[in-house]
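**Student:** If you scroll down you'll find the structure; I have some questions about it.
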Amino acid sequence: MFCAISGEVPEDPVVSKKSGNVFEKRLILKYLADSGKDPMTGEEMTTDDLIEIKLTHNPVKPRPPTVNSLPSLLSLLQNEWDSVMLETYNLKQQYAQLRQELSNSLYENDAAKRVIARLVKERDEARAALASVKAELGNGIGDAMDVDGLGPEVMKKIEETSASLQQMRKGLKKKTPNVAPAESVASYTPIVTIPSLHSTSPAGILSLDVYPFFSGHTNPALKDTILTGGKDGNILLVSWPVKSKTLATAKTGAKVNALKWHDAGSNASYIGTFFSGGADSVVRVWNAEQKDGGWNCSNVGTWKGHDGEVTSLSVHPNGEYVASAGADSKWVFWDLKSGKALSTVAYDAAQGFTKIEFHPDGMILGTGDGSSAVHIWDLKRTDKPVQTVGGHTGKITALSFSELGYLLATASTGDSSVKVWDLRKMTEALVGGSDEGGAGVSKAVWDRTGQYLAEARQNIVRVYANKTFERVSQFNDVHHGEITGLQFGDGAKHIFTSGLDKKVVVLGSKN
């Protein structure tokens, strides 16, 4: 009688009711605890199906025949070794399979994390864009993000203005403009110096604009006035040449990078209106008026459309629109009457926009950026510039269209020459050059008639004649610091400058 599991004589034998096989009790109980089936037939079986067999004597286990000799022992050891090797092989296979499954799981986990990270980034960018749009909408931007151009009503006004100005320019070319001759300009000297403008800390004038003497409507009391904007965040309304003094002060709370009088033209309601832009990222509208025997500059509008400093301003020739450029690589087209942005153009301008100016006809405008590029934009479609010109080194510091309509002067911090572009052929001419000194040009501007071009570098001012670009005059040591403002007066009879030395200097003839 042998155990069906071990093949040995059982010490405590039991027999299965279902299969009739004899088992060692301890072995069959363990087997049933693990599987619950008969080990021989595979049928369901419980301990109730086992019957103990009563023995009259305890059986003596015979010695296994395989261990009776040395060869038998060696054979037994060989079999054990083979079993171990087979088990090791099986374990290695399972290990390799587990490694492959783990590698696949890690790869899937890494891929899932990458996808999640990308989705989170896109979500954050979408949230930021939505917040920006909401902020602009809250500031009255409306549908100003339309970069496909301005609306048909606005373009109709701009085209009518352009046609009228072009016709007027043709008439002016046949007339001799009332402009100072080159001999007079060559003899200019400082005739007015207005010192100690703005605070000493931080010191310096950053922007300058002269009251529009050419305007169709002018306020006689403002005719001989200028505006200065300082690092101290103040705007000063200053009179000249008789009894030069500060008439009024307007506080912005941030350095003033740009100032622009409104050319009232045919609209008398804007006499005394001017605009400012600075480090507070807003464009402010001001009105200068006499009140109670004195002067007052009141803030009548605040336009929010930039995310960085406002660096430059320009008023459209029809007087109804204003353009602002910012360090946030945006330029904004504002409606003066409503105070809303009709278009906000976000462009990949390296280091932001530094200059903006409307063409005298009003159909195009120019911008300069911090990486030496000059862009020409068509107001009919503003999704991208129609022309980009390079050739400069450093930040664009000057951008000025000639009143003649086809010349554009540009300058930068890294060039010793002013570039004059012929817009008809997009060819360039250099004004000045290496013989003018290595300093970059800080300002360049045409006079109102287009007969003269002036440039400033460090504390030197030079004037050149149109067409020939021969130097007419040079003024050394005009300021004790860098010149930050440069502008011609009526008929080029005066040249106005401002600098970091807190002074305004007027060059002109003493006669």
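Just so we're on the same page: first chain in the structure tokens is A, next is B, and so on; residues restart at 1 for each chain, and ligands are numbered from 1 in the order they show up.
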Sort by chain and increasing residue number a table of all residues of region 291-395 of chain A within 7 Å of region 247-258 of chain A, each with its closest pair of atoms and their distance in Å to one decimal, counting only C-alpha atoms, and write it as a tab-separated table.

**Tutor:**
```
residue	atom	partner	partner_atom	distance
A:Trp295	CA	A:Ala248	CA	5.6
A:Asn296	CA	A:Ala248	CA	5.6
A:Cys297	CA	A:Ala250	CA	5.9
A:Val310	CA	A:Asn257	CA	7.0
A:Thr311	CA	A:Asn257	CA	5.5
A:Ser312	CA	A:Ala258	CA	5.2
A:Leu313	CA	A:Ala258	CA	6.2
```

**Student:** How would the residues just chosen look if you wrote them out with C-alpha atoms as a PDB file, in the first residue's frame?

**Tutor:**
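Saved to result09.pdb:
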```
ATOM      1  CA  TRP A 295      -2.336 127.417 -16.541  1.00  0.00           C
ATOM      2  CA  ASN A 296      -3.560 123.930 -15.777  1.00  0.00           C
ATOM      3  CA  CYS A 297      -2.893 120.563 -17.458  1.00  0.00           C
ATOM      4  CA  VAL A 310       4.931 103.103 -23.920  1.00  0.00           C
ATOM      5  CA  THR A 311       7.940 104.240 -25.937  1.00  0.00           C
ATOM      6  CA  SER A 312       6.584 106.421 -28.762  1.00  0.00           C
ATOM      7  CA  LEU A 313       3.459 108.290 -29.950  1.00  0.00           C
TER       8      LEU A 313
END
```

**Student:** Which residue, A:Pro181, A:Ala439, A:Arg99, A:Val472, has the smallest gap to Ala456 (chain A) when you use only C-alpha atoms?

**Tutor:** A:Ala439

**Student:** Please indicate the distance in Å from CA of Ser402 (chain A) to CA of Gly450 (chain A), rounded to one decimal place.

**Tutor:** 5.2 Å

**Student:** Which residues, written as a ChimeraX atom specification, have at least one atom at most 7 Å from Ser498 (chain A), with only C-alpha atoms counted and residues fewer than 2 positions away on the same chain left out?

**Tutor:** /A:205,208,483-486,503-505

**Student:** Would you write out those residues with all heavy atoms, as a PDB file, in the first residue's frame?

**Tutor:**
```
ATOM      1  N   ILE A 205      15.654 115.110 -18.870  1.00  0.00           N
ATOM      2  CA  ILE A 205      14.481 115.224 -19.726  1.00  0.00           C
ATOM      3  C   ILE A 205      14.540 114.089 -20.744  1.00  0.00           C
ATOM      4  O   ILE A 205      15.571 113.863 -21.373  1.00  0.00           O
ATOM      5  CB  ILE A 205      14.447 116.579 -20.441  1.00  0.00           C
ATOM      6  CG1 ILE A 205      14.370 117.722 -19.414  1.00  0.00           C
ATOM      7  CG2 ILE A 205      13.276 116.659 -21.411  1.00  0.00           C
ATOM      8  CD1 ILE A 205      14.494 119.103 -20.032  1.00  0.00           C
ATOM      9  N   LEU A 208      10.382 115.654 -25.622  1.00  0.00           N
ATOM     10  CA  LEU A 208      10.196 117.075 -25.932  1.00  0.00           C
ATOM     11  C   LEU A 208       9.235 117.200 -27.107  1.00  0.00           C
ATOM     12  O   LEU A 208       9.272 116.392 -28.039  1.00  0.00           O
ATOM     13  CB  LEU A 208      11.554 117.700 -26.304  1.00  0.00           C
ATOM     14  CG  LEU A 208      11.546 119.091 -26.939  1.00  0.00           C
ATOM     15  CD1 LEU A 208      11.298 120.151 -25.882  1.00  0.00           C
ATOM     16  CD2 LEU A 208      12.872 119.367 -27.652  1.00  0.00           C
ATOM     17  N   ILE A 483      21.752 114.409 -25.663  1.00  0.00           N
ATOM     18  CA  ILE A 483      20.553 115.073 -26.178  1.00  0.00           C
ATOM     19  C   ILE A 483      19.437 114.043 -26.324  1.00  0.00           C
ATOM     20  O   ILE A 483      19.615 112.996 -26.942  1.00  0.00           O
ATOM     21  CB  ILE A 483      20.849 115.747 -27.525  1.00  0.00           C
ATOM     22  CG1 ILE A 483      21.862 116.892 -27.322  1.00  0.00           C
ATOM     23  CG2 ILE A 483      19.570 116.281 -28.165  1.00  0.00           C
ATOM     24  CD1 ILE A 483      22.319 117.531 -28.612  1.00  0.00           C
ATOM     25  N   THR A 484      18.278 114.343 -25.747  1.00  0.00           N
ATOM     26  CA  THR A 484      17.147 113.403 -25.762  1.00  0.00           C
ATOM     27  C   THR A 484      15.960 113.915 -26.562  1.00  0.00           C
ATOM     28  O   THR A 484      15.000 113.167 -26.777  1.00  0.00           O
ATOM     29  CB  THR A 484      16.692 113.117 -24.324  1.00  0.00           C
ATOM     30  OG1 THR A 484      16.341 114.369 -23.685  1.00  0.00           O
ATOM     31  CG2 THR A 484      17.801 112.447 -23.523  1.00  0.00           C
ATOM     32  N   GLY A 485      15.985 115.180 -26.969  1.00  0.00           N
ATOM     33  CA  GLY A 485      14.886 115.750 -27.747  1.00  0.00           C
ATOM     34  C   GLY A 485      15.436 116.672 -28.819  1.00  0.00           C
ATOM     35  O   GLY A 485      16.383 117.434 -28.564  1.00  0.00           O
ATOM     36  N   LEU A 486      14.841 116.601 -30.033  1.00  0.00           N
ATOM     37  CA  LEU A 486      15.313 117.431 -31.152  1.00  0.00           C
ATOM     38  C   LEU A 486      14.124 117.729 -32.047  1.00  0.00           C
ATOM     39  O   LEU A 486      13.409 116.811 -32.469  1.00  0.00           O
ATOM     40  CB  LEU A 486      16.399 116.691 -31.925  1.00  0.00           C
ATOM     41  CG  LEU A 486      16.959 117.376 -33.169  1.00  0.00           C
ATOM     42  CD1 LEU A 486      17.681 118.670 -32.797  1.00  0.00           C
ATOM     43  CD2 LEU A 486      17.905 116.432 -33.918  1.00  0.00           C
ATOM     44  N   LYS A 503      18.045 120.656 -19.279  1.00  0.00           N
ATOM     45  CA  LYS A 503      17.939 121.945 -19.975  1.00  0.00           C
ATOM     46  C   LYS A 503      17.191 121.791 -21.288  1.00  0.00           C
ATOM     47  O   LYS A 503      17.184 120.724 -21.903  1.00  0.00           O
ATOM     48  CB  LYS A 503      19.326 122.507 -20.272  1.00  0.00           C
ATOM     49  CG  LYS A 503      20.146 122.914 -19.058  1.00  0.00           C
ATOM     50  CD  LYS A 503      21.491 123.465 -19.504  1.00  0.00           C
ATOM     51  CE  LYS A 503      22.352 123.867 -18.302  1.00  0.00           C
ATOM     52  NZ  LYS A 503      23.669 124.393 -18.732  1.00  0.00           N
ATOM     53  N   VAL A 504      16.579 122.894 -21.699  1.00  0.00           N
ATOM     54  CA  VAL A 504      16.071 123.063 -23.054  1.00  0.00           C
ATOM     55  C   VAL A 504      16.847 124.199 -23.698  1.00  0.00           C
ATOM     56  O   VAL A 504      16.954 125.288 -23.105  1.00  0.00           O
ATOM     57  CB  VAL A 504      14.557 123.361 -23.077  1.00  0.00           C
ATOM     58  CG1 VAL A 504      14.114 123.769 -24.490  1.00  0.00           C
ATOM     59  CG2 VAL A 504      13.764 122.151 -22.620  1.00  0.00           C
ATOM     60  N   VAL A 505      17.416 123.949 -24.847  1.00  0.00           N
ATOM     61  CA  VAL A 505      18.208 124.963 -25.578  1.00  0.00           C
ATOM     62  C   VAL A 505      17.546 125.222 -26.911  1.00  0.00           C
ATOM     63  O   VAL A 505      17.176 124.275 -27.623  1.00  0.00           O
ATOM     64  CB  VAL A 505      19.665 124.496 -25.772  1.00  0.00           C
ATOM     65  CG1 VAL A 505      20.442 125.527 -26.585  1.00  0.00           C
ATOM     66  CG2 VAL A 505      20.339 124.261 -24.428  1.00  0.00           C
TER      67      VAL A 505
END
```

**Student:** Taking the DSSP assignment computed from this structure's backbone, write out as a count of residues only all residues of region 134-372 of chain A that belong to strand (DSSP E).

**Tutor:** 100
